[in-house]
file structure-v6.pdb (PDB, C-alpha atoms)
ATOM      1  CA  MET C 652      32.290  21.384  72.992
ATOM      2  CA  GLU C 653      28.992  19.509  73.146
ATOM      3  CA  LYS C 654      28.928  15.747  72.750
ATOM      4  CA  PHE C 655      27.604  14.566  69.412
ATOM      5  CA  SER C 656      25.582  11.351  69.520
ATOM      6  CA  ILE C 657      24.539   9.619  66.307
ATOM      7  CA  LYS C 658      21.133   8.363  67.420
ATOM      8  CA  LYS C 659      19.609   7.253  64.145
ATOM      9  CA  LEU C 660      22.064   4.508  63.379
ATOM     10  CA  VAL C 661      21.363   1.152  64.993
ATOM     11  CA  MET C 662      22.415  -1.834  62.950
ATOM     12  CA  THR C 663      22.542  -5.582  63.432
ATOM     13  CA  GLY C 664      24.289  -8.077  61.194
ATOM     14  CA  SER C 665      26.422  -7.152  58.233
ATOM     15  CA  LEU C 666      26.018  -3.996  56.231
ATOM     16  CA  ALA C 667      24.988  -4.686  52.669
ATOM     17  CA  ALA C 668      27.657  -3.590  50.248
ATOM     18  CA  VAL C 669      26.803  -0.362  48.519
ATOM     19  CA  THR C 670      27.808  -0.145  44.916
ATOM     20  CA  VAL C 671      27.119   3.218  43.447
ATOM     21  CA  MET C 672      29.140   3.904  40.331
ATOM     22  CA  ALA C 673      30.008   7.381  39.110
ATOM     23  CA  ALA C 674      29.105   8.455  35.625
ATOM     24  CA  ALA C 675      32.341   7.920  33.812
ATOM     25  CA  CYS C 676      32.187  10.707  31.284
ATOM     26  CA  GLY C 677      35.663  11.922  30.422
ATOM     27  CA  GLY C 678      39.059  10.844  31.664
ATOM     28  CA  GLU C 679      41.210  12.136  34.464
ATOM     29  CA  ASN C 680      41.931  15.833  34.230
ATOM     30  CA  GLU C 681      45.265  17.029  35.457
ATOM     31  CA  GLU C 682      44.829  20.613  34.365
ATOM     32  CA  SER C 683      43.984  23.543  36.570
ATOM     33  CA  PRO C 684      40.250  24.392  36.882
ATOM     34  CA  GLU C 685      40.434  27.330  34.492
ATOM     35  CA  ASN C 686      41.962  25.074  31.814
ATOM     36  CA  ALA C 687      39.624  22.135  32.362
ATOM     37  CA  GLU C 688      36.907  23.106  29.892
ATOM     38  CA  SER C 689      35.929  21.035  26.899
ATOM     39  CA  GLY C 690      33.115  21.310  24.395
ATOM     40  CA  ASP C 691      30.223  18.864  24.125
ATOM     41  CA  GLU C 692      28.608  17.731  20.879
ATOM     42  CA  ASN C 693      26.371  20.809  20.902
ATOM     43  CA  GLY C 694      29.332  23.136  21.188
ATOM     44  CA  SER C 695      28.618  24.348  24.724
ATOM     45  CA  ASP C 696      31.344  24.579  27.325
ATOM     46  CA  VAL C 697      31.533  21.717  29.804
ATOM     47  CA  GLN C 698      34.039  21.740  32.623
ATOM     48  CA  ASP C 699      35.679  18.461  33.590
ATOM     49  CA  LEU C 700      36.139  18.175  37.347
ATOM     50  CA  ASN C 701      38.121  15.455  39.093
ATOM     51  CA  PHE C 702      36.637  14.370  42.421
ATOM     52  CA  PRO C 703      39.043  12.256  44.535
ATOM     53  CA  THR C 704      37.148  10.631  47.399
ATOM     54  CA  ALA C 705      38.741   7.929  49.611
ATOM     55  CA  SER C 706      39.029   4.149  50.029
ATOM     56  CA  THR C 707      36.367   2.163  48.211
ATOM     57  CA  THR C 708      35.346   0.459  51.495
ATOM     58  CA  GLY C 709      34.897   3.714  53.377
ATOM     59  CA  THR C 710      31.870   5.964  53.613
ATOM     60  CA  ILE C 711      32.681   8.738  51.205
ATOM     61  CA  TYR C 712      33.565   6.738  48.095
ATOM     62  CA  PRO C 713      29.945   5.670  47.450
ATOM     63  CA  LEU C 714      28.757   9.080  48.624
ATOM     64  CA  GLY C 715      31.144  10.881  46.272
ATOM     65  CA  SER C 716      30.133   8.645  43.372
ATOM     66  CA  ALA C 717      26.475   9.434  43.977
ATOM     67  CA  MET C 718      27.241  13.165  44.213
ATOM     68  CA  ALA C 719      29.105  13.020  40.896
ATOM     69  CA  ASN C 720      26.073  11.313  39.327
ATOM     70  CA  LEU C 721      23.794  14.002  40.731
ATOM     71  CA  TRP C 722      25.831  16.887  39.339
ATOM     72  CA  ASN C 723      26.236  15.169  35.974
ATOM     73  CA  ASP C 724      22.492  14.530  35.748
ATOM     74  CA  GLU C 725      21.272  17.909  36.988
ATOM     75  CA  MET C 726      23.855  20.302  35.508
ATOM     76  CA  ASP C 727      24.745  20.836  31.854
ATOM     77  CA  ASN C 728      28.054  22.636  32.330
ATOM     78  CA  VAL C 729      30.035  20.145  34.440
ATOM     79  CA  ARG C 730      31.292  16.604  34.013
ATOM     80  CA  VAL C 731      32.406  15.224  37.393
ATOM     81  CA  ASN C 732      34.655  12.181  37.611
ATOM     82  CA  ALA C 733      34.668  10.537  41.065
ATOM     83  CA  GLN C 734      37.647   8.307  41.869
ATOM     84  CA  GLY C 735      39.145   6.441  44.797
ATOM     85  CA  SER C 736      42.056   7.924  46.751
ATOM     86  CA  ASN C 737      44.030   7.562  49.978
ATOM     87  CA  GLY C 738      41.856  10.191  51.622
ATOM     88  CA  GLY C 739      42.247  13.663  53.093
ATOM     89  CA  VAL C 740      45.948  14.464  52.782
ATOM     90  CA  GLU C 741      46.200  13.108  49.250
ATOM     91  CA  ASN C 742      42.977  14.910  48.325
ATOM     92  CA  LEU C 743      44.376  18.233  49.547
ATOM     93  CA  ASN C 744      47.601  17.666  47.646
ATOM     94  CA  MET C 745      45.658  16.903  44.475
ATOM     95  CA  LEU C 746      43.580  20.064  44.815
ATOM     96  CA  LYS C 747      46.675  22.144  45.507
ATOM     97  CA  GLU C 748      48.381  20.781  42.385
ATOM     98  CA  GLY C 749      45.274  21.211  40.214
ATOM     99  CA  GLU C 750      44.889  17.451  39.738
ATOM    100  CA  GLY C 751      41.594  17.485  41.666
ATOM    101  CA  HIS C 752      38.909  20.142  41.836
ATOM    102  CA  ILE C 753      36.386  18.995  44.453
ATOM    103  CA  SER C 754      37.061  16.621  47.304
ATOM    104  CA  PHE C 755      36.578  15.562  50.911
ATOM    105  CA  ALA C 756      38.744  16.025  53.997
ATOM    106  CA  THR C 757      38.166  16.474  57.702
ATOM    107  CA  SER C 758      38.308  19.945  59.207
ATOM    108  CA  GLY C 759      41.499  19.250  61.159
ATOM    109  CA  ILE C 760      43.583  18.333  58.127
ATOM    110  CA  ILE C 761      42.174  21.214  56.097
ATOM    111  CA  TRP C 762      43.087  23.563  58.958
ATOM    112  CA  GLU C 763      46.655  22.244  58.939
ATOM    113  CA  ALA C 764      46.915  22.723  55.163
ATOM    114  CA  TYR C 765      45.366  26.204  55.236
ATOM    115  CA  ASN C 766      47.691  27.315  58.036
ATOM    116  CA  GLY C 767      50.812  25.439  56.894
ATOM    117  CA  GLU C 768      51.060  23.347  60.092
ATOM    118  CA  ARG C 769      52.348  19.825  60.851
ATOM    119  CA  GLY C 770      52.558  17.847  57.602
ATOM    120  CA  PHE C 771      51.934  21.012  55.562
ATOM    121  CA  THR C 772      54.693  23.124  57.131
ATOM    122  CA  ASP C 773      56.522  23.616  53.833
ATOM    123  CA  ARG C 774      53.516  23.489  51.527
ATOM    124  CA  GLN C 775      50.821  25.752  52.909
ATOM    125  CA  TYR C 776      47.587  25.658  50.912
ATOM    126  CA  ASP C 777      45.830  28.940  51.609
ATOM    127  CA  ASP C 778      43.557  28.704  48.551
ATOM    128  CA  VAL C 779      41.551  25.767  49.893
ATOM    129  CA  ARG C 780      37.883  26.667  50.364
ATOM    130  CA  ILE C 781      34.852  24.974  51.952
ATOM    131  CA  MET C 782      31.731  24.126  49.976
ATOM    132  CA  ALA C 783      29.879  22.432  52.855
ATOM    133  CA  GLY C 784      30.268  20.940  56.303
ATOM    134  CA  LEU C 785      28.670  17.500  56.029
ATOM    135  CA  TYR C 786      28.748  15.168  59.059
ATOM    136  CA  TYR C 787      30.986  13.868  61.843
ATOM    137  CA  ASN C 788      33.697  11.315  61.120
ATOM    138  CA  PRO C 789      34.422   9.260  64.263
ATOM    139  CA  ASN C 790      37.759   7.618  65.015
ATOM    140  CA  GLN C 791      36.968   3.894  65.171
ATOM    141  CA  PHE C 792      39.638   1.720  66.800
ATOM    142  CA  VAL C 793      38.991  -1.900  65.803
ATOM    143  CA  VAL C 794      41.047  -4.666  67.450
ATOM    144  CA  ARG C 795      41.020  -8.451  67.274
ATOM    145  CA  GLU C 796      39.114  -9.904  70.209
ATOM    146  CA  GLU C 797      41.814 -12.541  70.657
ATOM    147  CA  ALA C 798      44.618  -9.962  70.912
ATOM    148  CA  GLY C 799      43.933  -9.023  74.548
ATOM    149  CA  ILE C 800      43.473  -5.332  73.798
ATOM    150  CA  ASP C 801      40.956  -3.442  75.937
ATOM    151  CA  SER C 802      42.343   0.096  75.639
ATOM    152  CA  VAL C 803      44.228   2.130  73.072
ATOM    153  CA  ALA C 804      47.137   2.013  75.558
ATOM    154  CA  ASP C 805      47.331  -1.760  75.002
ATOM    155  CA  LEU C 806      48.302  -1.197  71.362
ATOM    156  CA  GLU C 807      51.903  -0.459  72.352
ATOM    157  CA  GLY C 808      54.164  -3.002  70.677
ATOM    158  CA  LYS C 809      51.250  -4.539  68.749
ATOM    159  CA  LYS C 810      50.860  -4.963  65.013
ATOM    160  CA  PHE C 811      48.657  -2.036  64.059
ATOM    161  CA  ALA C 812      47.366  -0.451  60.863
ATOM    162  CA  PRO C 813      47.293   3.316  61.508
ATOM    163  CA  GLY C 814      46.077   4.021  57.979
ATOM    164  CA  ALA C 815      47.609   4.395  54.556
ATOM    165  CA  SER C 816      50.511   6.837  54.410
ATOM    166  CA  GLY C 817      49.131  10.331  53.966
ATOM    167  CA  SER C 818      45.580   9.349  54.878
ATOM    168  CA  THR C 819      43.355  10.963  57.495
ATOM    169  CA  PRO C 820      43.497   7.903  59.822
ATOM    170  CA  GLU C 821      47.297   7.978  59.675
ATOM    171  CA  VAL C 822      47.297  11.630  60.770
ATOM    172  CA  GLU C 823      44.827  10.795  63.537
ATOM    173  CA  SER C 824      47.015   7.922  64.726
ATOM    174  CA  SER C 825      49.965  10.307  64.975
ATOM    175  CA  ILE C 826      47.899  12.553  67.260
ATOM    176  CA  ILE C 827      46.017  10.026  69.428
ATOM    177  CA  LEU C 828      48.615   7.318  70.104
ATOM    178  CA  PRO C 829      51.150   9.704  71.725
ATOM    179  CA  GLU C 830      48.411  10.799  74.154
ATOM    180  CA  TYR C 831      48.574   7.234  75.502
ATOM    181  CA  GLY C 832      52.359   7.371  75.795
ATOM    182  CA  ILE C 833      52.894   5.369  72.609
ATOM    183  CA  ASP C 834      55.708   6.665  70.419
ATOM    184  CA  TYR C 835      54.641   7.319  66.862
ATOM    185  CA  PRO C 836      56.149   6.031  64.751
ATOM    186  CA  GLY C 837      58.030   3.263  66.517
ATOM    187  CA  GLY C 838      55.794   2.364  69.442
ATOM    188  CA  ILE C 839      53.764  -0.026  67.321
ATOM    189  CA  GLU C 840      54.565  -2.386  64.468
ATOM    190  CA  GLU C 841      53.120  -0.241  61.720
ATOM    191  CA  ASN C 842      51.297  -1.512  58.654
ATOM    192  CA  PHE C 843      50.555   1.532  56.508
ATOM    193  CA  VAL C 844      47.648   0.139  54.523
ATOM    194  CA  GLY C 845      44.197   1.218  53.465
ATOM    195  CA  PHE C 846      40.870  -0.163  54.644
ATOM    196  CA  ASP C 847      40.728  -3.089  52.208
ATOM    197  CA  GLU C 848      44.172  -4.360  53.119
ATOM    198  CA  ALA C 849      43.520  -3.866  56.842
ATOM    199  CA  ILE C 850      40.429  -6.092  56.637
ATOM    200  CA  ASP C 851      42.431  -8.904  55.040
ATOM    201  CA  LEU C 852      45.329  -8.517  57.471
ATOM    202  CA  MET C 853      42.996  -8.697  60.466
ATOM    203  CA  ARG C 854      41.135 -11.652  59.032
ATOM    204  CA  ASN C 855      44.475 -13.454  58.593
ATOM    205  CA  LYS C 856      45.617 -12.421  62.102
ATOM    206  CA  GLN C 857      48.533 -10.455  60.674
ATOM    207  CA  ILE C 858      47.550  -7.292  62.551
ATOM    208  CA  ASP C 859      46.053  -6.803  65.996
ATOM    209  CA  GLY C 860      44.128  -3.648  65.231
ATOM    210  CA  ALA C 861      43.437  -0.749  62.891
ATOM    211  CA  LEU C 862      42.166   2.798  62.998
ATOM    212  CA  ILE C 863      39.245   3.428  60.668
ATOM    213  CA  GLN C 864      38.022   6.986  60.379
ATOM    214  CA  ALA C 865      34.816   7.309  58.408
ATOM    215  CA  GLY C 866      31.154   8.098  58.917
ATOM    216  CA  LEU C 867      28.824   5.628  60.577
ATOM    217  CA  PRO C 868      28.262   2.882  59.686
ATOM    218  CA  THR C 869      31.513   2.059  57.889
ATOM    219  CA  ALA C 870      31.655  -0.995  55.616
ATOM    220  CA  ALA C 871      35.254  -1.743  56.642
ATOM    221  CA  VAL C 872      34.339  -1.850  60.345
ATOM    222  CA  THR C 873      31.320  -4.005  59.544
ATOM    223  CA  GLU C 874      33.615  -6.462  57.776
ATOM    224  CA  MET C 875      36.132  -6.482  60.608
ATOM    225  CA  THR C 876      33.546  -7.052  63.332
ATOM    226  CA  SER C 877      31.487  -9.632  61.441
ATOM    227  CA  THR C 878      34.132 -11.656  59.584
ATOM    228  CA  ALA C 879      37.531 -10.899  61.134
ATOM    229  CA  GLY C 880      36.931 -11.248  64.885
ATOM    230  CA  GLY C 881      37.154  -7.522  65.465
ATOM    231  CA  LYS C 882      35.686  -5.375  68.232
ATOM    232  CA  LEU C 883      35.498  -1.631  68.846
ATOM    233  CA  ILE C 884      37.323   0.115  71.684
ATOM    234  CA  GLY C 885      36.811   3.735  72.649
ATOM    235  CA  ILE C 886      39.009   6.694  73.565
ATOM    236  CA  ASP C 887      39.223   7.348  77.311
ATOM    237  CA  GLU C 888      37.497  10.418  78.736
ATOM    238  CA  ASP C 889      40.692  12.112  79.957
ATOM    239  CA  VAL C 890      42.321  11.669  76.552
ATOM    240  CA  ARG C 891      39.240  13.030  74.814
ATOM    241  CA  SER C 892      39.259  16.086  77.062
ATOM    242  CA  SER C 893      42.981  16.706  76.561
ATOM    243  CA  LEU C 894      42.783  16.448  72.780
ATOM    244  CA  MET C 895      39.699  18.653  72.579
ATOM    245  CA  GLU C 896      41.546  21.372  74.500
ATOM    246  CA  GLU C 897      44.524  21.203  72.150
ATOM    247  CA  TYR C 898      42.710  20.686  68.852
ATOM    248  CA  PRO C 899      39.518  22.768  68.534
ATOM    249  CA  TRP C 900      38.106  20.737  65.652
ATOM    250  CA  TYR C 901      37.470  17.617  67.771
ATOM    251  CA  SER C 902      34.001  16.703  69.070
ATOM    252  CA  GLU C 903      32.937  13.859  71.328
ATOM    253  CA  VAL C 904      31.016  11.218  69.396
ATOM    254  CA  THR C 905      29.062   8.209  70.618
ATOM    255  CA  ILE C 906      28.921   5.125  68.412
ATOM    256  CA  PRO C 907      25.563   3.658  69.515
ATOM    257  CA  ALA C 908      25.329   0.062  70.681
ATOM    258  CA  ASP C 909      24.452  -2.378  67.895
ATOM    259  CA  THR C 910      25.851  -0.143  65.179
ATOM    260  CA  TYR C 911      28.074  -3.146  64.426
ATOM    261  CA  GLU C 912      27.825  -6.873  65.070
ATOM    262  CA  ASN C 913      28.759  -7.938  68.619
ATOM    263  CA  GLN C 914      28.780  -4.313  69.795
ATOM    264  CA  GLU C 915      26.561  -4.505  72.868
ATOM    265  CA  GLU C 916      27.444  -1.116  74.382
ATOM    266  CA  ASP C 917      27.928   2.481  73.270
ATOM    267  CA  VAL C 918      31.511   3.338  72.355
ATOM    268  CA  GLU C 919      32.793   6.816  73.204
ATOM    269  CA  THR C 920      35.328   8.350  70.836
ATOM    270  CA  LEU C 921      36.344  11.566  69.082
ATOM    271  CA  GLY C 922      35.099  12.741  65.723
ATOM    272  CA  ILE C 923      35.909  15.467  63.251
ATOM    273  CA  LYS C 924      33.560  17.164  60.837
ATOM    274  CA  MET C 925      33.843  15.964  57.253
ATOM    275  CA  MET C 926      34.020  18.778  54.707
ATOM    276  CA  LEU C 927      33.310  19.133  51.029
ATOM    277  CA  MET C 928      36.080  21.383  49.718
ATOM    278  CA  THR C 929      37.340  23.003  46.547
ATOM    279  CA  ASP C 930      39.903  25.538  45.357
ATOM    280  CA  ALA C 931      39.380  29.295  45.468
ATOM    281  CA  SER C 932      40.011  29.501  41.692
ATOM    282  CA  LEU C 933      36.950  27.445  40.758
ATOM    283  CA  ASP C 934      34.320  29.618  39.078
ATOM    284  CA  GLU C 935      31.977  31.291  41.579
ATOM    285  CA  ASP C 936      28.775  30.763  39.577
ATOM    286  CA  MET C 937      29.589  27.093  39.004
ATOM    287  CA  VAL C 938      30.291  26.452  42.696
ATOM    288  CA  TYR C 939      27.062  28.273  43.576
ATOM    289  CA  GLU C 940      25.093  25.983  41.253
ATOM    290  CA  MET C 941      26.853  22.848  42.516
ATOM    291  CA  THR C 942      26.180  23.791  46.140
ATOM    292  CA  LYS C 943      22.543  24.554  45.373
ATOM    293  CA  THR C 944      22.115  21.316  43.405
ATOM    294  CA  PHE C 945      23.656  19.263  46.192
ATOM    295  CA  TRP C 946      21.490  20.586  49.025
ATOM    296  CA  GLU C 947      18.260  20.813  47.048
ATOM    297  CA  ASN C 948      18.507  17.213  45.805
ATOM    298  CA  LEU C 949      19.775  15.578  48.977
ATOM    299  CA  ASP C 950      17.008  12.984  48.856
ATOM    300  CA  GLN C 951      18.528  11.571  45.663
ATOM    301  CA  LEU C 952      21.678  10.658  47.614
ATOM    302  CA  GLU C 953      19.994   8.708  50.411
ATOM    303  CA  ASP C 954      20.460   5.338  48.715
ATOM    304  CA  SER C 955      24.234   5.844  48.528
ATOM    305  CA  HIS C 956      24.762   5.666  52.315
ATOM    306  CA  THR C 957      22.754   6.175  55.494
ATOM    307  CA  ILE C 958      25.243   8.936  56.401
ATOM    308  CA  VAL C 959      23.135  11.273  54.250
ATOM    309  CA  GLU C 960      20.534  11.261  57.031
ATOM    310  CA  GLN C 961      23.034  13.115  59.207
ATOM    311  CA  MET C 962      23.469  16.029  56.790
ATOM    312  CA  ASP C 963      21.633  19.239  57.619
ATOM    313  CA  LEU C 964      21.727  22.522  55.703
ATOM    314  CA  GLU C 965      21.534  24.415  58.991
ATOM    315  CA  GLU C 966      24.863  22.819  60.017
ATOM    316  CA  ALA C 967      26.604  23.310  56.677
ATOM    317  CA  THR C 968      28.499  26.401  57.844
ATOM    318  CA  THR C 969      29.182  25.455  61.483
ATOM    319  CA  GLU C 970      32.462  24.170  62.981
ATOM    320  CA  LEU C 971      34.508  24.902  59.852
ATOM    321  CA  ALA C 972      37.729  25.485  61.856
ATOM    322  CA  ASP C 973      37.876  29.066  60.506
ATOM    323  CA  ILE C 974      38.476  27.886  56.933
ATOM    324  CA  PRO C 975      36.834  30.305  54.456
ATOM    325  CA  LEU C 976      33.828  29.303  52.412
ATOM    326  CA  HIS C 977      34.130  29.455  48.642
ATOM    327  CA  GLU C 978      32.402  32.629  47.437
ATOM    328  CA  GLY C 979      29.954  30.630  45.345
ATOM    329  CA  ALA C 980      28.914  28.452  48.291
ATOM    330  CA  LYS C 981      28.792  31.496  50.560
ATOM    331  CA  ARG C 982      26.344  33.194  48.216
ATOM    332  CA  TYR C 983      24.007  30.183  48.337
ATOM    333  CA  TYR C 984      24.096  29.982  52.146
ATOM    334  CA  GLU C 985      23.388  33.707  52.424
ATOM    335  CA  GLU C 986      20.380  33.314  50.153
ATOM    336  CA  GLU C 987      19.097  30.443  52.283
ATOM    337  CA  GLY C 988      19.527  32.397  55.511
ATOM    338  CA  VAL C 989      22.152  29.997  56.816
ATOM    339  CA  LEU C 990      24.703  32.821  56.853
ATOM    340  CA  GLU C 991      24.013  36.413  57.706
ATOM    341  CA  GLU C 992      24.883  38.712  54.840
TER     342      GLU C 992
END
call {"tool": "encode", "arguments": {"input": "structure-v6.pdb", "output": "structure tokens"}}
result
Amino acid sequence: MEKFSIKKLVMTGSLAAVTVMAAACGGENEESPENAESGDENGSDVQDLNFPTASTTGTIYPLGSAMANLWNDEMDNVRVNAQGSNGGVENLNMLKEGEGHISFATSGIIWEAYNGERGFTDRQYDDVRIMAGLYYNPNQFVVREEAGIDSVADLEGKKFAPGASGSTPEVESSIILPEYGIDYPGGIEENFVGFDEAIDLMRNKQIDGALIQAGLPTAAVTEMTSTAGGKLIGIDEDVRSSLMEEYPWYSEVTIPADTYENQEEDVETLGIKMMLMTDASLDEDMVYEMTKTFWENLDQLEDSHTIVEQMDLEEATTELADIPLHEGAKRYYEEEGVLEE
């Protein structure tokens, strides 16, 4: 698989906090999509859609909030409520149970859910569908400079935050750490916390490192490297090669020098494509319109996060780990010539 290098992102200093709030029309909807309709003041049908995203200090929370605003502004028949979550695994569970309707997850975790593998062995979710492939999510290992850690192998026995339980980083930790001979769980002193808590723990020297998986640049990594004495370490070439052979959804990703404060050199790691997903039961015409609205108004999302610059319609249907597209999204991509009919 070809190496993916994110060339546009070169940052110095701290990343300004992005605060994009979702339009908060309607409360949480725990009904299935077909039962989620409500009438507006004009009597027309409006469908309430819950949109779990991820940690508020990650990449996709502000992105998801901006996407919800876009759909609410541009479409009359949906009311999208973006909300924080623990990330991919929780998002998939919410979609499967009908508590969420649109969400984000990386291709690897969606593949596991769709095929009933690993953490989804007894709860296969074969109705998950892709709306769009978005961008690459690199695994970012951040460690305290004072902790004497120069390689992922040095994390053995250290106090480490692999991610919140059920989150994408936690799944990634369970895959990557054993490649270095580190038992998981047990080979580290685990702190199963989200990004916000990991920042505070590192700042207070209560952990030696954390795995952050989110698009570049990530606010949590910016905080860790600029205010908590953190530095990035990469994944060794032999480990990258081994994992790419075993897990076809991995790609090599370069985090360019100066993406974060005190990062003087490129950092080589592995990334996974971030997906926008939904359930097969969601109405085909509605998903078609949402997909069309998203791609044809991408410029309206650029203020939410620089990650939007990495999104390309031509790549929306590539490297999907053989997960089916939703029929509504598929129709749009066929019309645009992205998919052959």
call {"tool": "resolve_selection", "arguments": {"input": "structure-v6.pdb", "expression": "the PyMOL selection byres ((chain C and resi 771) around 12)", "output": "PyMOL selection string"}}
result
chain C and resi 740-741+743-744+747+759-770+772-777+817+822
call {"tool": "residues_around", "arguments": {"input": "structure-v6.pdb", "residues": "Asn742 (chain C)", "least_positions_apart": "5", "cutoff": "12 Å", "atoms": "all atoms listed in the file", "output": "compact mmCIF listing (two decimals) with C-alpha atoms, in the coordinates of the input"}}
result
# COMPACT_ATOMS: atom_id res chain seq x y z
CA ASN C 701 38.12 15.46 39.09
CA PHE C 702 36.64 14.37 42.42
CA PRO C 703 39.04 12.26 44.54
CA THR C 704 37.15 10.63 47.40
CA ALA C 705 38.74 7.93 49.61
CA SER C 706 39.03 4.15 50.03
CA ALA C 733 34.67 10.54 41.06
CA GLN C 734 37.65 8.31 41.87
CA GLY C 735 39.15 6.44 44.80
CA SER C 736 42.06 7.92 46.75
CA ASN C 737 44.03 7.56 49.98
CA LYS C 747 46.68 22.14 45.51
CA GLU C 748 48.38 20.78 42.38
CA GLY C 749 45.27 21.21 40.21
CA GLU C 750 44.89 17.45 39.74
CA GLY C 751 41.59 17.48 41.67
CA HIS C 752 38.91 20.14 41.84
CA ILE C 753 36.39 19.00 44.45
CA SER C 754 37.06 16.62 47.30
CA PHE C 755 36.58 15.56 50.91
CA ALA C 756 38.74 16.02 54.00
CA THR C 757 38.17 16.47 57.70
CA ILE C 760 43.58 18.33 58.13
CA ILE C 761 42.17 21.21 56.10
CA ALA C 764 46.92 22.72 55.16
CA TYR C 776 47.59 25.66 50.91
CA VAL C 779 41.55 25.77 49.89
CA GLY C 817 49.13 10.33 53.97
CA SER C 818 45.58 9.35 54.88
CA THR C 819 43.36 10.96 57.50
CA MET C 926 34.02 18.78 54.71
CA LEU C 927 33.31 19.13 51.03
CA MET C 928 36.08 21.38 49.72
CA THR C 929 37.34 23.00 46.55
CA ASP C 930 39.90 25.54 45.36
call {"tool": "closest_residue", "arguments": {"input": "structure-v6.pdb", "among": "C:Glu978, C:Glu947, C:Glu725, C:Asp801", "to": "Asp778 (chain C)", "atoms": "all atoms listed in the file"}}
result
C:Glu978
call {"tool": "resolve_selection", "arguments": {"input": "structure-v6.pdb", "expression": "the PyMOL selection byres ((chain C and resi 812) around 12)", "output": "PyMOL selection string"}}
result
chain C and resi 792-794+806+809-811+813-816+818+820-821+823-825+836+839-853+857-864
call {"tool": "closest_residue", "arguments": {"input": "structure-v6.pdb", "among": "C:Tyr911, C:Leu933, C:Val904, C:Lys981", "to": "Ala871 (chain C)", "atoms": "all atoms listed in the file"}}
result
C:Tyr911
call {"tool": "closest_residue", "arguments": {"input": "structure-v6.pdb", "among": "C:Asp917, C:Asp950, C:Glu970, C:Glu896", "to": "Met718 (chain C)", "atoms": "all atoms listed in the file"}}
result
C:Asp950
call {"tool": "atom_distance", "arguments": {"input": "structure-v6.pdb", "atom1": "CA of Asp887 (chain C)", "atom2": "CA of Thr969 (chain C)"}}
result
26.1 Å
call {"tool": "resolve_selection", "arguments": {"input": "structure-v6.pdb", "expression": "the PyMOL selection byres ((chain C and resi 787) around 6)", "output": "mmCIF file with C-alpha atoms, in the frame of the given file"}}
result
data_model
loop_
_atom_site.group_PDB
_atom_site.id
_atom_site.type_symbol
_atom_site.label_atom_id
_atom_site.label_comp_id
_atom_site.auth_asym_id
_atom_site.auth_seq_id
_atom_site.Cartn_x
_atom_site.Cartn_y
_atom_site.Cartn_z
ATOM 1 C CA TYR C 786 28.748 15.168 59.059
ATOM 2 C CA ASN C 788 33.697 11.315 61.120
ATOM 3 C CA GLY C 922 35.099 12.741 65.723
ATOM 4 C CA ILE C 923 35.909 15.467 63.251
ATOM 5 C CA LYS C 924 33.560 17.164 60.837
ATOM 6 C CA MET C 925 33.843 15.964 57.253
#
call {"tool": "closest_residue", "arguments": {"input": "structure-v6.pdb", "among": "C:Ile884, C:Leu921, C:Ile958, C:Ala972", "to": "Ser802 (chain C)", "atoms": "all atoms listed in the file"}}
result
C:Ile884
call {"tool": "closest_residue", "arguments": {"input": "structure-v6.pdb", "among": "C:Leu867, C:Met962, C:Ile826, C:Ala980", "to": "Leu785 (chain C)", "atoms": "all atoms listed in the file"}}
result
C:Met962
call {"tool": "atom_distance", "arguments": {"input": "structure-v6.pdb", "atom1": "CA of Glu986 (chain C)", "atom2": "CA of Asp963 (chain C)"}}
result
16.0 Å
call {"tool": "closest_residue", "arguments": {"input": "structure-v6.pdb", "among": "C:Ser932, C:Thr910, C:Ser877, C:Thr920", "to": "Glu796 (chain C)", "atoms": "all atoms listed in the file"}}
result
C:Ser877
call {"tool": "axis_aligned_box", "arguments": {"input": "structure-v6.pdb", "around": "region 862-867 of chain C", "padding_each_side": "6 Å", "output": "AutoDock Vina command-line options"}}
result
--center_x 35.5 --center_y 5.4 --center_z 60.7 --size_x 25.3 --size_y 17.3 --size_z 16.6
call {"tool": "atom_distance", "arguments": {"input": "structure-v6.pdb", "atom1": "CA of Gln698 (chain C)", "atom2": "CA of Asn720 (chain C)"}}
result
14.7 Å
call {"tool": "residues_around", "arguments": {"input": "structure-v6.pdb", "residues": "Val731 (chain C)", "least_positions_apart": "2", "cutoff": "6 Å", "atoms": "all atoms listed in the file", "output": "PyMOL selection string"}}
result
chain C and resi 699-701+719
call {"tool": "residues_around", "arguments": {"input": "structure-v6.pdb", "residues": "Met941 (chain C)", "least_positions_apart": "4", "cutoff": "8 Å", "atoms": "all atoms listed in the file", "output": "ChimeraX atom specification"}}
result
/C:722,937,945
